[in-house]
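J.: Data: entry.cif, mmCIF, C-alpha atoms and all ligand atoms; chains and numbers go by the auth columns.
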data_entry
loop_
_atom_site.group_PDB
_atom_site.id
_atom_site.type_symbol
_atom_site.label_atom_id
_atom_site.label_comp_id
_atom_site.label_asym_id
_atom_site.label_seq_id
_atom_site.Cartn_x
_atom_site.Cartn_y
_atom_site.Cartn_z
_atom_site.B_iso_or_equiv
_atom_site.auth_seq_id
_atom_site.auth_asym_id
ATOM 1 C CA MET A 1 0.000 0.000 0.000 0.00 1 A
ATOM 2 C CA ALA A 2 1.431 3.311 -1.153 0.00 2 A
ATOM 3 C CA ASP A 3 1.471 5.367 2.007 0.00 3 A
ATOM 4 C CA CYS A 4 2.002 2.690 4.636 0.00 4 A
ATOM 5 C CA LEU A 5 5.112 2.756 6.847 0.00 5 A
ATOM 6 C CA PHE A 6 5.241 -1.007 7.324 0.00 6 A
ATOM 7 C CA CYS A 7 4.704 -1.700 3.598 0.00 7 A
ATOM 8 C CA LYS A 8 7.731 0.541 2.957 0.00 8 A
ATOM 9 C CA ILE A 9 9.759 -1.373 5.587 0.00 9 A
ATOM 10 C CA ILE A 10 8.798 -4.739 4.032 0.00 10 A
ATOM 11 C CA ALA A 11 9.785 -3.406 0.591 0.00 11 A
ATOM 12 C CA GLY A 12 13.160 -2.273 1.985 0.00 12 A
ATOM 13 C CA ASP A 13 12.456 1.393 1.205 0.00 13 A
ATOM 14 C CA ILE A 14 12.799 2.257 4.913 0.00 14 A
ATOM 15 C CA PRO A 15 15.571 0.502 6.869 0.00 15 A
ATOM 16 C CA SER A 16 14.752 -1.913 9.675 0.00 16 A
ATOM 17 C CA ALA A 17 16.581 -4.322 11.965 0.00 17 A
ATOM 18 C CA LYS A 18 15.255 -7.558 10.502 0.00 18 A
ATOM 19 C CA VAL A 19 15.046 -10.626 12.709 0.00 19 A
ATOM 20 C CA TYR A 20 12.921 -12.986 10.594 0.00 20 A
ATOM 21 C CA GLU A 21 11.242 -13.273 7.219 0.00 21 A
ATOM 22 C CA ASP A 22 9.221 -15.872 5.342 0.00 22 A
ATOM 23 C CA GLU A 23 6.712 -15.882 2.488 0.00 23 A
ATOM 24 C CA TYR A 24 3.963 -14.375 4.632 0.00 24 A
ATOM 25 C CA CYS A 25 5.534 -12.203 7.297 0.00 25 A
ATOM 26 C CA TYR A 26 8.439 -9.944 8.159 0.00 26 A
ATOM 27 C CA ALA A 27 9.766 -9.241 11.650 0.00 27 A
ATOM 28 C CA PHE A 28 12.015 -6.447 12.862 0.00 28 A
ATOM 29 C CA ARG A 29 13.021 -4.659 16.077 0.00 29 A
ATOM 30 C CA ASP A 30 10.723 -1.898 17.293 0.00 30 A
ATOM 31 C CA ILE A 31 12.366 1.515 16.953 0.00 31 A
ATOM 32 C CA ALA A 32 11.177 2.535 20.455 0.00 32 A
ATOM 33 C CA PRO A 33 11.509 -0.669 22.476 0.00 33 A
ATOM 34 C CA GLN A 34 9.299 -1.068 25.545 0.00 34 A
ATOM 35 C CA ALA A 35 11.168 -4.157 26.783 0.00 35 A
ATOM 36 C CA PRO A 36 14.717 -5.544 26.340 0.00 36 A
ATOM 37 C CA THR A 37 13.317 -7.574 23.435 0.00 37 A
ATOM 38 C CA HIS A 38 10.619 -5.804 21.416 0.00 38 A
ATOM 39 C CA ILE A 39 9.956 -7.181 17.957 0.00 39 A
ATOM 40 C CA LEU A 40 7.163 -6.476 15.477 0.00 40 A
ATOM 41 C CA VAL A 41 5.818 -9.325 13.363 0.00 41 A
ATOM 42 C CA VAL A 42 4.087 -7.846 10.337 0.00 42 A
ATOM 43 C CA SER A 43 1.961 -9.550 7.697 0.00 43 A
ATOM 44 C CA LYS A 44 3.412 -9.017 4.216 0.00 44 A
ATOM 45 C CA GLU A 45 -0.057 -8.500 2.810 0.00 45 A
ATOM 46 C CA HIS A 46 -1.493 -5.164 3.847 0.00 46 A
ATOM 47 C CA VAL A 47 -4.516 -5.452 6.118 0.00 47 A
ATOM 48 C CA GLN A 48 -5.210 -2.782 8.705 0.00 48 A
ATOM 49 C CA ASN A 49 -5.461 -4.791 11.894 0.00 49 A
ATOM 50 C CA VAL A 50 -6.586 -8.045 13.507 0.00 50 A
ATOM 51 C CA LYS A 51 -10.227 -7.277 12.651 0.00 51 A
ATOM 52 C CA GLU A 52 -9.282 -7.420 8.965 0.00 52 A
ATOM 53 C CA ALA A 53 -7.008 -10.436 9.418 0.00 53 A
ATOM 54 C CA ALA A 54 -9.857 -12.671 8.238 0.00 54 A
ATOM 55 C CA GLU A 55 -9.000 -11.407 4.751 0.00 55 A
ATOM 56 C CA LEU A 56 -5.636 -13.190 4.924 0.00 56 A
ATOM 57 C CA SER A 57 -5.253 -16.772 3.794 0.00 57 A
ATOM 58 C CA ASP A 58 -5.221 -19.554 6.366 0.00 58 A
ATOM 59 C CA ALA A 59 -1.609 -20.189 5.344 0.00 59 A
ATOM 60 C CA ALA A 60 -0.665 -16.586 6.101 0.00 60 A
ATOM 61 C CA LEU A 61 -2.424 -16.606 9.480 0.00 61 A
ATOM 62 C CA ALA A 62 -0.757 -19.862 10.454 0.00 62 A
ATOM 63 C CA ALA A 63 2.640 -18.598 9.291 0.00 63 A
ATOM 64 C CA ILE A 64 2.377 -15.494 11.477 0.00 64 A
ATOM 65 C CA ILE A 65 1.603 -17.537 14.604 0.00 65 A
ATOM 66 C CA ARG A 66 4.403 -19.996 13.785 0.00 66 A
ATOM 67 C CA ALA A 67 6.803 -17.108 13.195 0.00 67 A
ATOM 68 C CA ILE A 68 6.098 -15.760 16.682 0.00 68 A
ATOM 69 C CA GLY A 69 7.176 -19.077 18.193 0.00 69 A
ATOM 70 C CA LYS A 70 10.266 -19.300 16.004 0.00 70 A
ATOM 71 C CA ILE A 71 11.332 -15.758 16.849 0.00 71 A
ATOM 72 C CA ALA A 72 10.844 -16.374 20.576 0.00 72 A
ATOM 73 C CA GLU A 73 13.165 -19.376 20.275 0.00 73 A
ATOM 74 C CA GLN A 74 15.668 -17.446 18.172 0.00 74 A
ATOM 75 C CA GLU A 75 15.661 -14.628 20.758 0.00 75 A
ATOM 76 C CA LYS A 76 16.015 -17.145 23.618 0.00 76 A
ATOM 77 C CA LEU A 77 12.877 -15.988 25.413 0.00 77 A
ATOM 78 C CA GLU A 78 12.729 -19.245 27.397 0.00 78 A
ATOM 79 C CA LYS A 79 11.283 -17.541 30.468 0.00 79 A
ATOM 80 C CA GLY A 80 8.305 -16.250 28.513 0.00 80 A
ATOM 81 C CA PHE A 81 7.138 -13.310 26.506 0.00 81 A
ATOM 82 C CA ARG A 82 4.008 -11.307 25.774 0.00 82 A
ATOM 83 C CA VAL A 83 2.295 -10.925 22.384 0.00 83 A
ATOM 84 C CA VAL A 84 0.185 -7.811 21.835 0.00 84 A
ATOM 85 C CA THR A 85 -1.739 -6.495 18.880 0.00 85 A
ATOM 86 C CA ASN A 86 -3.378 -3.101 19.076 0.00 86 A
ATOM 87 C CA CYS A 87 -6.588 -2.675 17.095 0.00 87 A
ATOM 88 C CA GLY A 88 -8.069 0.767 16.533 0.00 88 A
ATOM 89 C CA PRO A 89 -7.992 4.048 18.431 0.00 89 A
ATOM 90 C CA ASP A 90 -9.028 2.766 21.887 0.00 90 A
ATOM 91 C CA ALA A 91 -6.033 0.431 21.757 0.00 91 A
ATOM 92 C CA CYS A 92 -3.727 3.254 20.540 0.00 92 A
ATOM 93 C CA GLN A 93 -2.900 1.526 17.258 0.00 93 A
ATOM 94 C CA SER A 94 -0.514 3.964 15.579 0.00 94 A
ATOM 95 C CA VAL A 95 0.408 2.060 12.399 0.00 95 A
ATOM 96 C CA ASN A 96 -2.589 0.757 10.470 0.00 96 A
ATOM 97 C CA HIS A 97 -0.941 -2.400 9.136 0.00 97 A
ATOM 98 C CA LEU A 98 -1.477 -5.676 11.006 0.00 98 A
ATOM 99 C CA HIS A 99 1.382 -6.365 13.403 0.00 99 A
ATOM 100 C CA PHE A 100 2.041 -8.307 16.573 0.00 100 A
ATOM 101 C CA HIS A 101 4.395 -7.003 19.250 0.00 101 A
ATOM 102 C CA ILE A 102 6.634 -9.619 20.908 0.00 102 A
ATOM 103 C CA LEU A 103 7.776 -8.252 24.273 0.00 103 A
ATOM 104 C CA GLY A 104 10.218 -10.098 26.477 0.00 104 A
ATOM 105 C CA GLY A 105 13.503 -10.177 28.315 0.00 105 A
ATOM 106 C CA ARG A 106 12.068 -9.008 31.638 0.00 106 A
ATOM 107 C CA GLN A 107 9.192 -9.763 33.985 0.00 107 A
ATOM 108 C CA MET A 108 6.034 -8.285 32.461 0.00 108 A
ATOM 109 C CA ALA A 109 3.534 -6.361 34.561 0.00 109 A
ATOM 110 C CA ASP A 110 0.759 -8.449 36.070 0.00 110 A
ATOM 111 C CA GLN A 111 -1.852 -6.108 34.610 0.00 111 A
ATOM 112 C CA MET A 112 -2.044 -6.086 30.834 0.00 112 A
ATOM 113 C CA ALA A 113 -3.455 -2.589 30.474 0.00 113 A
HETATM 114 P P1 LIG B . 1.143 0.258 17.376 0.00 1 B
HETATM 115 O O1 LIG B . 1.149 1.495 18.223 0.00 1 B
HETATM 116 O O2 LIG B . 0.626 -0.968 18.051 0.00 1 B
HETATM 117 O O3 LIG B . 0.483 0.535 16.043 0.00 1 B
HETATM 118 O O4 LIG B . 2.679 -0.092 17.101 0.00 1 B
HETATM 119 C C1 LIG B . 3.452 0.554 16.157 0.00 1 B
HETATM 120 C C2 LIG B . 4.883 0.357 16.583 0.00 1 B
HETATM 121 O O5 LIG B . 5.702 0.665 15.480 0.00 1 B
HETATM 122 C C3 LIG B . 5.338 1.233 17.747 0.00 1 B
HETATM 123 O O6 LIG B . 5.750 0.417 18.837 0.00 1 B
HETATM 124 C C4 LIG B . 6.502 2.039 17.152 0.00 1 B
HETATM 125 O O7 LIG B . 7.552 2.234 18.059 0.00 1 B
HETATM 126 C C5 LIG B . 6.904 1.161 15.991 0.00 1 B
HETATM 127 N N1 LIG B . 7.581 1.848 14.897 0.00 1 B
HETATM 128 C C6 LIG B . 7.192 3.007 14.291 0.00 1 B
HETATM 129 N N2 LIG B . 8.052 3.312 13.295 0.00 1 B
HETATM 130 C C7 LIG B . 8.981 2.322 13.269 0.00 1 B
HETATM 131 C C8 LIG B . 10.133 2.069 12.461 0.00 1 B
HETATM 132 N N3 LIG B . 10.509 2.886 11.467 0.00 1 B
HETATM 133 N N4 LIG B . 10.876 0.961 12.730 0.00 1 B
HETATM 134 C C9 LIG B . 10.523 0.130 13.735 0.00 1 B
HETATM 135 N N5 LIG B . 9.434 0.305 14.516 0.00 1 B
HETATM 136 C C10 LIG B . 8.686 1.391 14.293 0.00 1 B
#
Just dump the structure as structure tokens.
Ligand code: AMP

T.:
Amino acid sequence: MADCLFCKIIAGDIPSAKVYEDEYCYAFRDIAPQAPTHILVVSKEHVQNVKEAAELSDAALAAIIRAIGKIAEQEKLEKGFRVVTNCGPDACQSVNHLHFHILGGRQMADQMA
């Protein structure tokens, strides 16, 4: 999509610290990390958020979930990690391209919000 930050990152037009890529998703380090490990897993196909994720193929949806597990292993998050996806203004979604945050490397807060 022409004016989408994450589409530009996937295309390589904006630099990113890549940690993983496959046919369906691309993962890179968040520019403003909120935990020692903070990675964004982004669908290669542009959909706005998890509400629109039904438009993706089953293969793409499965690949994204599998990628999260692979990245957690790669990043040695044996003690656990949190996966977050913000959807819409109440959730403070700031980039309207489906992505999952992987947060780890420290004890997460007991409260999620
Ligand atoms: P959200 O607020 O859930 O939409 O998450 C968007 C995330 O993208 C935020 O955590 C930002 O820090 C992150 N972000 C914005 N621009 C970049 C960039 N150029 N490279 C890496 N992460 C970015």

J.: Do you know which residues the PyMOL selection byres (((not hetatm)) within 8 of (chain B and resi 1)) returns on this file, as a JSON list (two decimals) with C-alpha atoms, in the coordinates of the input?

T.:
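Here's the written file result-v3.json:
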[["chain", "number", "residue", "atom", "x", "y", "z"],
["A", 5, "LEU", "CA", 5.11, 2.76, 6.85],
["A", 6, "PHE", "CA", 5.24, -1.01, 7.32],
["A", 9, "ILE", "CA", 9.76, -1.37, 5.59],
["A", 14, "ILE", "CA", 12.80, 2.26, 4.91],
["A", 15, "PRO", "CA", 15.57, 0.50, 6.87],
["A", 16, "SER", "CA", 14.75, -1.91, 9.68],
["A", 17, "ALA", "CA", 16.58, -4.32, 11.96],
["A", 28, "PHE", "CA", 12.02, -6.45, 12.86],
["A", 29, "ARG", "CA", 13.02, -4.66, 16.08],
["A", 30, "ASP", "CA", 10.72, -1.90, 17.29],
["A", 31, "ILE", "CA", 12.37, 1.52, 16.95],
["A", 32, "ALA", "CA", 11.18, 2.54, 20.45],
["A", 33, "PRO", "CA", 11.51, -0.67, 22.48],
["A", 34, "GLN", "CA", 9.30, -1.07, 25.54],
["A", 40, "LEU", "CA", 7.16, -6.48, 15.48],
["A", 84, "VAL", "CA", 0.18, -7.81, 21.84],
["A", 85, "THR", "CA", -1.74, -6.50, 18.88],
["A", 86, "ASN", "CA", -3.38, -3.10, 19.08],
["A", 87, "CYS", "CA", -6.59, -2.68, 17.10],
["A", 91, "ALA", "CA", -6.03, 0.43, 21.76],
["A", 92, "CYS", "CA", -3.73, 3.25, 20.54],
["A", 93, "GLN", "CA", -2.90, 1.53, 17.26],
["A", 94, "SER", "CA", -0.51, 3.96, 15.58],
["A", 95, "VAL", "CA", 0.41, 2.06, 12.40],
["A", 96, "ASN", "CA", -2.59, 0.76, 10.47],
["A", 97, "HIS", "CA", -0.94, -2.40, 9.14],
["A", 99, "HIS", "CA", 1.38, -6.36, 13.40],
["A", 100, "PHE", "CA", 2.04, -8.31, 16.57],
["A", 101, "HIS", "CA", 4.39, -7.00, 19.25]]

J.: Looking at A:Tyr24, A:Ala2, A:Leu98, A:Lys18, which one is nearest to Ala53 of chain A, with distances taken over only C-alpha atoms?

T.: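 Under the stated criterion, the closest residue is A:Leu98.
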
J.: What residues have an atom no more than 12 Å from (-9.2, -4.9, 5.8) in the file's own frame, counting only C-alpha atoms, and can you write them as a PDB file with C-alpha atoms, in the frame of the given file?

T.:
ATOM      1  CA  MET A   1       0.000   0.000   0.000  1.00  0.00           C
ATOM      2  CA  GLU A  45      -0.057  -8.500   2.810  1.00  0.00           C
ATOM      3  CA  HIS A  46      -1.493  -5.164   3.847  1.00  0.00           C
ATOM      4  CA  VAL A  47      -4.516  -5.452   6.118  1.00  0.00           C
ATOM      5  CA  GLN A  48      -5.210  -2.782   8.705  1.00  0.00           C
ATOM      6  CA  ASN A  49      -5.461  -4.791  11.894  1.00  0.00           C
ATOM      7  CA  VAL A  50      -6.586  -8.045  13.507  1.00  0.00           C
ATOM      8  CA  LYS A  51     -10.227  -7.277  12.651  1.00  0.00           C
ATOM      9  CA  GLU A  52      -9.282  -7.420   8.965  1.00  0.00           C
ATOM     10  CA  ALA A  53      -7.008 -10.436   9.418  1.00  0.00           C
ATOM     11  CA  ALA A  54      -9.857 -12.671   8.238  1.00  0.00           C
ATOM     12  CA  GLU A  55      -9.000 -11.407   4.751  1.00  0.00           C
ATOM     13  CA  LEU A  56      -5.636 -13.190   4.924  1.00  0.00           C
ATOM     14  CA  CYS A  87      -6.588  -2.675  17.095  1.00  0.00           C
ATOM     15  CA  ASN A  96      -2.589   0.757  10.470  1.00  0.00           C
ATOM     16  CA  HIS A  97      -0.941  -2.400   9.136  1.00  0.00           C
ATOM     17  CA  LEU A  98      -1.477  -5.676  11.006  1.00  0.00           C
TER      18      LEU A  98
END

J.: Do you have the atom CA of Ile65 of chain A-atom CA of Asp110 of chain A distance handy?

T.: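 Atom CA of Asp110 of chain A lies at a distance of 23.3 Å from atom CA of Ile65 of chain A.
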
J.: Kindly give the distance, in Å, that separates atom CA of Thr37 of chain A and atom CA of Ile102 of chain A, rounded to a single decimal.

T.: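 Atom-to-atom, atom CA of Thr37 of chain A and atom CA of Ile102 of chain A are spaced 7.4 Å apart.
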
J.: Using the chain letters and numbers from the file, give me the residues hit by the PyMOL selection byres (((chain A and resi 70-79) around 12) and not hetatm), as number ranges by chain.

T.: A: 18-22, 25-29, 36-41, 63-69, 80-83, 100-108

J.: Given 5 Å of margin on each side, can you work out the centre and size in Å (one decimal) of an axis-aligned box holding every listed atom of segment 80-99 of chain A, as AutoDock Vina command-line options?

T.:
--center_x -0.4 --center_y -6.1 --center_z 18.8 --size_x 27.3 --size_y 30.3 --size_z 29.4

J.: Mind giving me the straight-line distance from atom CA of Leu61 of chain A to atom CA of Ser43 of chain A in Å, one decimal?

T.: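 So the two atoms, atom CA of Leu61 of chain A and atom CA of Ser43 of chain A, lie 8.5 Å apart.
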